[in-house]
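Data file: entry-v7.tsv. Format and content: TSV, C-alpha atoms.
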```tsv
chain	number	residue	atom	x	y	z
A	19	MET	CA	87.15	89.31	14.46
A	20	THR	CA	85.93	85.76	13.89
A	21	GLY	CA	84.95	82.93	16.21
A	22	LEU	CA	83.20	82.94	19.56
A	23	LEU	CA	84.10	85.89	21.78
A	24	LYS	CA	84.06	85.56	25.56
A	25	ILE	CA	83.20	88.74	27.44
A	26	ILE	CA	82.80	89.12	31.21
A	27	ILE	CA	80.70	91.92	32.69
A	28	ALA	CA	81.62	92.64	36.32
A	29	ASP	CA	79.21	95.16	37.86
A	30	ASP	CA	77.14	95.07	41.02
A	31	HIS	CA	74.22	97.00	39.49
A	32	PRO	CA	71.80	94.60	37.72
A	33	LEU	CA	70.34	97.34	35.53
A	34	PHE	CA	73.72	98.37	34.21
A	35	ARG	CA	74.80	94.75	33.72
A	36	ASP	CA	71.67	94.33	31.61
A	37	ALA	CA	72.44	97.54	29.72
A	38	LEU	CA	75.95	96.36	28.90
A	39	ALA	CA	74.64	92.94	27.88
A	40	SER	CA	72.12	94.62	25.60
A	41	ALA	CA	74.84	96.75	24.04
A	42	ILE	CA	77.01	93.69	23.46
A	43	SER	CA	74.13	91.81	21.87
A	44	GLY	CA	74.00	94.54	19.24
A	45	LEU	CA	77.59	93.96	18.15
A	46	GLU	CA	76.45	91.37	15.59
A	47	LEU	CA	79.19	89.06	16.79
A	48	GLU	CA	78.98	85.59	18.31
A	49	VAL	CA	79.52	86.21	22.01
A	50	SER	CA	79.64	84.05	25.13
A	51	LEU	CA	78.64	86.42	27.91
A	52	GLU	CA	79.29	85.84	31.63
A	53	LEU	CA	78.16	88.10	34.47
A	54	ALA	CA	79.69	88.82	37.87
A	55	GLU	CA	78.19	90.94	40.64
A	56	ASP	CA	81.39	91.32	42.67
A	57	PHE	CA	85.14	91.36	42.11
A	58	ASP	CA	85.83	87.90	43.55
A	59	SER	CA	83.25	86.34	41.23
A	60	ALA	CA	84.87	88.08	38.27
A	61	MET	CA	88.28	86.70	39.23
A	62	LYS	CA	86.87	83.18	39.48
A	63	LEU	CA	85.42	83.50	35.99
A	64	LEU	CA	88.85	84.55	34.74
A	65	GLU	CA	90.58	81.61	36.43
A	66	GLY	CA	89.01	78.79	34.47
A	67	GLY	CA	87.40	77.93	31.19
A	68	SER	CA	88.12	79.32	27.77
A	69	PRO	CA	90.23	82.45	27.18
A	70	VAL	CA	88.52	85.78	27.87
A	71	ASP	CA	88.53	88.44	25.15
A	72	ILE	CA	87.39	91.39	27.28
A	73	LEU	CA	86.65	92.10	30.94
A	74	LEU	CA	84.25	95.00	31.55
A	75	LEU	CA	85.07	96.04	35.12
A	76	ASP	CA	83.07	98.40	37.31
A	77	LEU	CA	85.38	100.82	39.09
A	78	ASN	CA	83.57	100.44	42.43
A	79	MET	CA	81.94	97.16	43.41
A	80	PRO	CA	82.09	94.69	46.31
A	81	GLY	CA	85.69	93.51	46.61
A	82	SER	CA	87.07	96.39	44.55
A	83	LYS	CA	87.24	100.08	45.34
A	84	GLY	CA	88.68	102.71	43.06
A	85	LEU	CA	91.60	101.47	40.99
A	86	SER	CA	92.58	98.56	43.24
A	87	GLY	CA	90.54	95.99	41.31
A	88	LEU	CA	91.97	97.17	38.00
A	89	SER	CA	95.50	96.95	39.34
A	90	HIS	CA	94.86	93.43	40.67
A	91	SER	CA	93.24	92.15	37.48
A	92	ARG	CA	95.96	93.58	35.24
A	93	SER	CA	98.64	92.01	37.41
A	94	SER	CA	96.89	88.63	37.51
A	95	TYR	CA	95.79	88.50	33.86
A	96	PRO	CA	97.94	90.93	31.84
A	97	ALA	CA	96.89	89.41	28.51
A	98	ILE	CA	93.18	90.12	29.05
A	99	PRO	CA	91.99	93.58	27.93
A	100	VAL	CA	90.11	95.37	30.69
A	101	ILE	CA	87.63	98.15	29.99
A	102	VAL	CA	86.77	100.18	33.09
A	103	VAL	CA	83.11	101.15	33.40
A	104	SER	CA	82.20	103.88	35.86
A	105	ALA	CA	79.87	106.76	36.59
A	106	ILE	CA	82.99	108.84	37.29
A	107	ASP	CA	84.05	111.01	34.36
A	108	ASP	CA	86.98	112.69	36.09
A	109	PRO	CA	89.83	113.00	33.52
A	110	ALA	CA	92.42	112.28	36.25
A	111	VAL	CA	90.75	108.95	37.09
A	112	ILE	CA	90.56	108.03	33.41
A	113	ARG	CA	94.24	108.88	32.89
A	114	ARG	CA	95.27	106.77	35.87
A	115	SER	CA	93.12	103.85	34.74
A	116	LEU	CA	94.92	103.91	31.40
A	117	ALA	CA	98.27	104.23	33.20
A	118	LEU	CA	97.47	101.02	35.09
A	119	GLY	CA	96.90	99.22	31.81
A	120	ALA	CA	93.18	99.59	31.11
A	121	ALA	CA	92.36	99.04	27.45
A	122	GLY	CA	89.65	101.66	27.69
A	123	TYR	CA	87.18	103.55	29.84
A	124	ILE	CA	83.41	103.75	29.45
A	125	VAL	CA	81.36	106.32	31.34
A	126	LYS	CA	78.03	104.84	32.45
A	127	SER	CA	76.10	107.73	30.95
A	128	SER	CA	77.34	106.72	27.47
A	129	SER	CA	74.82	105.81	24.79
A	130	MET	CA	74.41	102.22	23.59
A	131	GLU	CA	76.10	103.18	20.33
A	132	ASP	CA	79.10	104.67	22.14
A	133	ILE	CA	79.42	101.56	24.32
A	134	ARG	CA	79.38	99.31	21.24
A	135	ASN	CA	81.92	101.51	19.48
A	136	SER	CA	84.19	101.41	22.54
A	137	ILE	CA	84.06	97.61	22.74
A	138	ASN	CA	84.70	97.33	19.00
A	139	GLN	CA	87.73	99.59	19.33
A	140	VAL	CA	89.24	97.35	22.01
A	141	LEU	CA	88.48	94.21	19.99
A	142	GLN	CA	90.45	95.82	17.16
A	143	GLY	CA	93.41	96.38	19.47
A	144	GLU	CA	92.80	100.07	20.08
A	145	VAL	CA	92.29	102.02	23.30
A	146	CYS	CA	88.85	103.55	23.84
A	147	ILE	CA	88.36	106.76	25.78
A	148	PRO	CA	85.16	108.75	26.38
A	149	GLN	CA	84.35	111.36	23.77
A	150	GLY	CA	84.40	114.99	24.79
A	151	ILE	CA	86.68	114.52	27.80
A	152	ASP	CA	90.01	116.34	27.85
A	153	LEU	CA	92.67	114.00	29.21
A	154	SER	CA	95.45	116.56	29.10
A	155	GLY	CA	96.72	117.92	32.37
A	156	ASP	CA	99.61	117.68	34.80
A	157	GLU	CA	100.03	114.52	36.83
A	158	ASP	CA	101.11	114.43	40.45
A	159	LEU	CA	104.55	112.78	40.30
A	160	GLU	CA	104.03	111.10	43.67
A	161	GLU	CA	100.79	109.51	42.45
A	162	VAL	CA	102.40	108.39	39.18
A	163	GLU	CA	105.16	106.72	41.18
A	164	LEU	CA	102.58	104.95	43.38
A	165	LEU	CA	100.85	103.57	40.28
A	166	LYS	CA	104.16	102.21	39.01
A	167	LYS	CA	104.88	100.55	42.35
A	168	MET	CA	101.43	98.96	42.49
A	169	LYS	CA	101.91	97.57	38.99
A	170	SER	CA	105.10	95.86	40.16
A	171	LEU	CA	103.24	93.68	42.70
A	172	THR	CA	102.64	90.06	41.78
A	173	PRO	CA	99.08	88.65	41.83
A	174	GLN	CA	99.70	86.94	45.19
A	175	GLN	CA	101.17	90.13	46.62
A	176	HIS	CA	98.05	92.00	45.51
A	177	ARG	CA	95.94	89.43	47.36
A	178	VAL	CA	98.04	89.74	50.51
A	179	LEU	CA	97.93	93.55	50.38
A	180	GLY	CA	94.15	93.44	49.99
A	181	MET	CA	93.87	91.22	53.06
A	182	LEU	CA	96.15	93.55	55.00
A	183	GLY	CA	93.70	96.28	54.06
A	184	GLU	CA	90.93	94.18	55.59
A	185	GLY	CA	92.88	94.09	58.85
A	186	LEU	CA	93.69	90.37	58.73
A	187	LEU	CA	96.61	88.95	60.69
A	188	ASN	CA	99.36	86.89	59.06
A	189	LYS	CA	97.90	83.62	60.34
A	190	GLN	CA	94.46	84.55	58.96
A	191	ILE	CA	95.96	85.41	55.57
A	192	ALA	CA	97.92	82.16	55.60
A	193	TYR	CA	94.73	80.19	56.27
A	194	LYS	CA	92.82	81.93	53.47
A	195	LEU	CA	95.61	81.45	50.94
A	196	ASP	CA	96.49	77.95	52.19
A	197	VAL	CA	100.15	78.85	52.69
A	198	SER	CA	102.47	79.03	55.69
A	199	GLU	CA	102.80	82.11	57.89
A	200	ALA	CA	106.45	82.29	56.80
A	201	THR	CA	105.29	82.62	53.19
A	202	VAL	CA	102.92	85.40	54.16
A	203	LYS	CA	105.70	87.21	56.02
A	204	ALA	CA	107.88	86.92	52.92
A	205	HIS	CA	105.11	88.42	50.80
A	206	VAL	CA	104.61	91.27	53.28
A	207	SER	CA	108.34	92.03	53.27
A	208	ALA	CA	108.33	92.08	49.45
A	209	ILE	CA	105.29	94.38	49.41
A	210	LEU	CA	106.95	96.84	51.81
A	211	LEU	CA	110.08	96.83	49.66
A	212	LYS	CA	108.22	97.38	46.38
A	213	LEU	CA	106.04	100.14	47.82
A	214	SER	CA	109.05	101.78	49.54
A	215	VAL	CA	107.33	101.82	52.92
A	216	ASP	CA	108.44	100.70	56.37
A	217	SER	CA	105.30	99.19	57.89
A	218	ARG	CA	102.08	97.31	57.16
A	219	THR	CA	100.15	100.45	58.10
A	220	GLN	CA	101.95	102.51	55.46
A	221	ALA	CA	101.30	99.77	52.88
A	222	VAL	CA	97.59	99.87	53.69
A	223	ILE	CA	97.63	103.68	53.35
A	224	SER	CA	99.08	103.24	49.86
A	225	LEU	CA	96.28	100.81	49.04
A	226	THR	CA	93.72	103.27	50.38
A	227	LYS	CA	95.05	105.97	48.07
A	228	LEU	CA	94.66	103.63	45.12
A	229	SER	CA	91.21	102.59	46.26
A	230	ASN	CA	89.88	106.15	46.48
A	231	PRO	CA	89.35	107.65	43.02
A	232	THR	CA	89.14	111.13	44.49
A	233	ILE	CA	92.73	110.70	45.68
A	234	VAL	CA	94.22	108.87	42.74
```

Show me this structure written as structure tokens.
Amino acid sequence: MTGLLKIIIADDHPLFRDALASAISGLELEVSLELAEDFDSAMKLLEGGSPVDILLLDLNMPGSKGLSGLSHSRSSYPAIPVIVVSAIDDPAVIRRSLALGAAGYIVKSSSMEDIRNSINQVLQGEVCIPQGIDLSGDEDLEEVELLKKMKSLTPQQHRVLGMLGEGLLNKQIAYKLDVSEATVKAHVSAILLKLSVDSRTQAVISLTKLSNPTIV
């Protein structure tokens, strides 16, 4: 690849952010690097400025638990490759990350060389997966269906669902999003329909399943 690359590292652990930055500096490419310590900060970096070539996203960080942040970022910015970084090396979690559209998965115990190779793979349009991990295995059909339903949510619907998960009322969500309560109600109705559930509580339970990597 040629030209200036823009890479965002979103991780709440300073030491690992530094480790990723160090790995990227060894790519021998011209890189503009931006750091985020929580999910909201990462989304703000994605919103403005020059196009982003890669987002390195911690699986669990403030504002994002489990696969919920990945689902949100892929829905909001489908053209931006996202590499999940996590201490979790569970094959089921890796498979589901890829099913949600991750361009790759890096285990935090990986060597600097493996991290660089993974990033290079994604820059070349490939999918990177951890070496030595068997991703074969049977999927739970119910969980696969939930992943598909979550992927169908629009970016605004993801935001509303996240706020429902925080226990916010419609008027509070409307204030935060600067929209009318009627608009929020419409979003909630659409979320219930897409997730095939009958209540806000059931929608939040679906979000909780996605947010807990031991469940999904």

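The gap separating CA of Lys212 (chain A) from CA of Lys166 (chain A) is 9.7 Å, in Å to one decimal.
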
For this session: In Å, rounded to a single decimal, give me how far CA of Ser40 (chain A) is from CA of Asp107 (chain A).
Result: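 Separating CA of Asp107 (chain A) from CA of Ser40 (chain A) is a distance of 22.1 Å.
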
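Of note, CA of Gly81 (chain A) and CA of Ile106 (chain A) are spaced 18.1 Å apart.
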
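For the residues A:Ser136, A:Ser129, A:Gln175, A:Ser94, ranking by smallest atom-to-atom distance to Leu211 (chain A) using all atoms listed in the file places A:Gln175 first.
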
Problem set entry | Surrounding residues of Lys24 (chain A) excluding itself and chain neighbours under 4 positions, 6 Å, all atoms listed in the file, as a PyMOL selection string | chain A and resi 49-51+70-71

Problem set entry | Surrounding residues of Gly185 (chain A) excluding itself and chain neighbours under 5 positions, 10 Å, all atoms listed in the file, as an MDAnalysis selection string | chainID A and resid 179:180 190:191 218:219 222

Only C-alpha atoms, please: the residues just picked out, written as a PDB file, in the coordinates of the input.
```
ATOM      1  CA  LEU A 179      97.930  93.550  50.380  1.00  0.00           C
ATOM      2  CA  GLY A 180      94.150  93.440  49.990  1.00  0.00           C
ATOM      3  CA  GLN A 190      94.460  84.550  58.960  1.00  0.00           C
ATOM      4  CA  ILE A 191      95.960  85.410  55.570  1.00  0.00           C
ATOM      5  CA  ARG A 218     102.080  97.310  57.160  1.00  0.00           C
ATOM      6  CA  THR A 219     100.150 100.450  58.100  1.00  0.00           C
ATOM      7  CA  VAL A 222      97.590  99.870  53.690  1.00  0.00           C
TER       8      VAL A 222
END
```

Can you tell me, as AutoDock Vina command-line options, the centre and edge lengths (Å, one decimal) of the axis-aligned box enclosing all of region 60-74 of chain A's listed atoms after padding each side by 4 Å?
```
--center_x 87.4 --center_y 86.5 --center_z 32.3 --size_x 14.3 --size_y 25.1 --size_z 22.3
```

Problem set entry | Residue nearest Glu163 (chain A) among A:Lys126, A:Arg114, A:Arg177, A:Arg134 (counting all atoms listed in the file) |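 Ranked by minimum distance to Glu163 (chain A), first place goes to A:Arg114.
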
Problem set entry | Selected residue of minimal separation from Leu38 (chain A) among A:Ile112, A:Cys146, A:Met61, A:Val125, counting only C-alpha atoms | A:Val125

Problem set entry | Best match for closeness to Ala208 (chain A) among A:Lys167, A:Arg113, A:Lys227, A:Lys194, counting all atoms listed in the file |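 Looking at the shortest contact to Ala208 (chain A), the residue is A:Lys167.
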
Problem set entry | Point (87.7, 99.6, 27.5), cut-off 12 Å, counting all atoms listed in the file, residues as JSON, numbers by chain | {"A": [25, 27, 71, 72, 73, 74, 75, 76, 77, 88, 98, 99, 100, 101, 102, 103, 104, 112, 115, 116, 119, 120, 121, 122, 123, 124, 125, 132, 133, 134, 135, 136, 137, 138, 139, 140, 141, 142, 143, 144, 145, 146, 147, 148]}

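Taking only C-alpha atoms into account, Val162 (chain A) lies nearest to A:Leu118 out of the set A:Ala97, A:Leu118, A:Leu225, A:Leu23.
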
File output, region 144-156 of chain A (all heavy atoms) as a PDB file, in the first residue's frame:
```
ATOM      1  N   GLU A 144      -7.044  -9.256   3.244  1.00  0.00           N
ATOM      2  CA  GLU A 144      -7.279 -10.598   3.755  1.00  0.00           C
ATOM      3  C   GLU A 144      -7.866 -10.537   5.164  1.00  0.00           C
ATOM      4  O   GLU A 144      -7.936  -9.480   5.778  1.00  0.00           O
ATOM      5  CB  GLU A 144      -5.966 -11.391   3.767  1.00  0.00           C
ATOM      6  CG  GLU A 144      -5.299 -11.511   2.400  1.00  0.00           C
ATOM      7  CD  GLU A 144      -3.941 -12.164   2.484  1.00  0.00           C
ATOM      8  OE1 GLU A 144      -3.592 -12.663   3.574  1.00  0.00           O
ATOM      9  OE2 GLU A 144      -3.221 -12.150   1.475  1.00  0.00           O
ATOM     10  N   VAL A 145      -8.274 -11.701   5.657  1.00  0.00           N
ATOM     11  CA  VAL A 145      -8.780 -11.822   7.029  1.00  0.00           C
ATOM     12  C   VAL A 145      -7.709 -12.492   7.872  1.00  0.00           C
ATOM     13  O   VAL A 145      -7.152 -13.519   7.475  1.00  0.00           O
ATOM     14  CB  VAL A 145     -10.080 -12.645   7.070  1.00  0.00           C
ATOM     15  CG1 VAL A 145     -10.511 -12.882   8.515  1.00  0.00           C
ATOM     16  CG2 VAL A 145     -11.183 -11.939   6.295  1.00  0.00           C
ATOM     17  N   CYS A 146      -7.389 -11.894   9.007  1.00  0.00           N
ATOM     18  CA  CYS A 146      -6.359 -12.482   9.879  1.00  0.00           C
ATOM     19  C   CYS A 146      -7.013 -13.187  11.056  1.00  0.00           C
ATOM     20  O   CYS A 146      -7.950 -12.690  11.667  1.00  0.00           O
ATOM     21  CB  CYS A 146      -5.380 -11.411  10.366  1.00  0.00           C
ATOM     22  SG  CYS A 146      -6.075 -10.193  11.511  1.00  0.00           S
ATOM     23  N   ILE A 147      -6.524 -14.385  11.342  1.00  0.00           N
ATOM     24  CA  ILE A 147      -7.001 -15.142  12.489  1.00  0.00           C
ATOM     25  C   ILE A 147      -5.784 -15.644  13.267  1.00  0.00           C
ATOM     26  O   ILE A 147      -4.710 -15.833  12.694  1.00  0.00           O
ATOM     27  CB  ILE A 147      -7.893 -16.332  12.084  1.00  0.00           C
ATOM     28  CG1 ILE A 147      -7.150 -17.270  11.120  1.00  0.00           C
ATOM     29  CG2 ILE A 147      -9.178 -15.835  11.453  1.00  0.00           C
ATOM     30  CD1 ILE A 147      -7.930 -18.511  10.755  1.00  0.00           C
ATOM     31  N   PRO A 148      -5.921 -15.840  14.570  1.00  0.00           N
ATOM     32  CA  PRO A 148      -4.779 -16.288  15.370  1.00  0.00           C
ATOM     33  C   PRO A 148      -4.266 -17.646  14.920  1.00  0.00           C
ATOM     34  O   PRO A 148      -5.056 -18.540  14.581  1.00  0.00           O
ATOM     35  CB  PRO A 148      -5.350 -16.359  16.794  1.00  0.00           C
ATOM     36  CG  PRO A 148      -6.566 -15.495  16.764  1.00  0.00           C
ATOM     37  CD  PRO A 148      -7.123 -15.632  15.379  1.00  0.00           C
ATOM     38  N   GLN A 149      -2.962 -17.793  14.913  1.00  0.00           N
ATOM     39  CA  GLN A 149      -2.359 -19.070  14.555  1.00  0.00           C
ATOM     40  C   GLN A 149      -2.564 -20.084  15.673  1.00  0.00           C
ATOM     41  O   GLN A 149      -2.581 -19.746  16.848  1.00  0.00           O
ATOM     42  CB  GLN A 149      -0.865 -18.894  14.286  1.00  0.00           C
ATOM     43  CG  GLN A 149      -0.543 -18.031  13.088  1.00  0.00           C
ATOM     44  CD  GLN A 149       0.948 -17.953  12.825  1.00  0.00           C
ATOM     45  OE1 GLN A 149       1.747 -18.606  13.495  1.00  0.00           O
ATOM     46  NE2 GLN A 149       1.339 -17.139  11.847  1.00  0.00           N
ATOM     47  N   GLY A 150      -2.736 -21.328  15.278  1.00  0.00           N
ATOM     48  CA  GLY A 150      -2.818 -22.405  16.259  1.00  0.00           C
ATOM     49  C   GLY A 150      -4.158 -22.552  16.943  1.00  0.00           C
ATOM     50  O   GLY A 150      -4.280 -23.305  17.907  1.00  0.00           O
ATOM     51  N   ILE A 151      -5.169 -21.815  16.468  1.00  0.00           N
ATOM     52  CA  ILE A 151      -6.503 -21.918  17.073  1.00  0.00           C
ATOM     53  C   ILE A 151      -7.456 -22.558  16.067  1.00  0.00           C
ATOM     54  O   ILE A 151      -7.583 -22.089  14.936  1.00  0.00           O
ATOM     55  CB  ILE A 151      -7.037 -20.543  17.509  1.00  0.00           C
ATOM     56  CG1 ILE A 151      -6.169 -19.989  18.642  1.00  0.00           C
ATOM     57  CG2 ILE A 151      -8.492 -20.640  17.963  1.00  0.00           C
ATOM     58  CD1 ILE A 151      -6.622 -18.655  19.172  1.00  0.00           C
ATOM     59  N   ASP A 152      -8.092 -23.637  16.476  1.00  0.00           N
ATOM     60  CA  ASP A 152      -9.016 -24.368  15.609  1.00  0.00           C
ATOM     61  C   ASP A 152     -10.386 -23.695  15.649  1.00  0.00           C
ATOM     62  O   ASP A 152     -11.042 -23.666  16.685  1.00  0.00           O
ATOM     63  CB  ASP A 152      -9.120 -25.820  16.092  1.00  0.00           C
ATOM     64  CG  ASP A 152     -10.005 -26.667  15.185  1.00  0.00           C
ATOM     65  OD1 ASP A 152     -10.442 -26.166  14.130  1.00  0.00           O
ATOM     66  OD2 ASP A 152     -10.263 -27.837  15.534  1.00  0.00           O
ATOM     67  N   LEU A 153     -10.794 -23.143  14.505  1.00  0.00           N
ATOM     68  CA  LEU A 153     -12.071 -22.442  14.453  1.00  0.00           C
ATOM     69  C   LEU A 153     -13.216 -23.326  13.972  1.00  0.00           C
ATOM     70  O   LEU A 153     -14.329 -22.847  13.773  1.00  0.00           O
ATOM     71  CB  LEU A 153     -11.960 -21.214  13.533  1.00  0.00           C
ATOM     72  CG  LEU A 153     -10.998 -20.129  13.996  1.00  0.00           C
ATOM     73  CD1 LEU A 153     -11.049 -18.937  13.047  1.00  0.00           C
ATOM     74  CD2 LEU A 153     -11.307 -19.680  15.410  1.00  0.00           C
ATOM     75  N   SER A 154     -12.936 -24.601  13.768  1.00  0.00           N
ATOM     76  CA  SER A 154     -14.012 -25.505  13.387  1.00  0.00           C
ATOM     77  C   SER A 154     -14.871 -25.813  14.612  1.00  0.00           C
ATOM     78  O   SER A 154     -14.441 -25.663  15.751  1.00  0.00           O
ATOM     79  CB  SER A 154     -13.443 -26.802  12.806  1.00  0.00           C
ATOM     80  OG  SER A 154     -12.673 -27.485  13.790  1.00  0.00           O
ATOM     81  N   GLY A 155     -16.073 -26.228  14.363  1.00  0.00           N
ATOM     82  CA  GLY A 155     -16.968 -26.527  15.479  1.00  0.00           C
ATOM     83  C   GLY A 155     -18.393 -26.147  15.123  1.00  0.00           C
ATOM     84  O   GLY A 155     -18.632 -25.342  14.220  1.00  0.00           O
ATOM     85  N   ASP A 156     -19.325 -26.743  15.820  1.00  0.00           N
ATOM     86  CA  ASP A 156     -20.743 -26.493  15.550  1.00  0.00           C
ATOM     87  C   ASP A 156     -21.199 -25.203  16.215  1.00  0.00           C
ATOM     88  O   ASP A 156     -20.864 -24.926  17.370  1.00  0.00           O
ATOM     89  CB  ASP A 156     -21.597 -27.653  16.069  1.00  0.00           C
ATOM     90  CG  ASP A 156     -21.285 -28.951  15.336  1.00  0.00           C
ATOM     91  OD1 ASP A 156     -20.911 -28.874  14.156  1.00  0.00           O
ATOM     92  OD2 ASP A 156     -21.415 -30.029  15.962  1.00  0.00           O
TER      93      ASP A 156
END
```
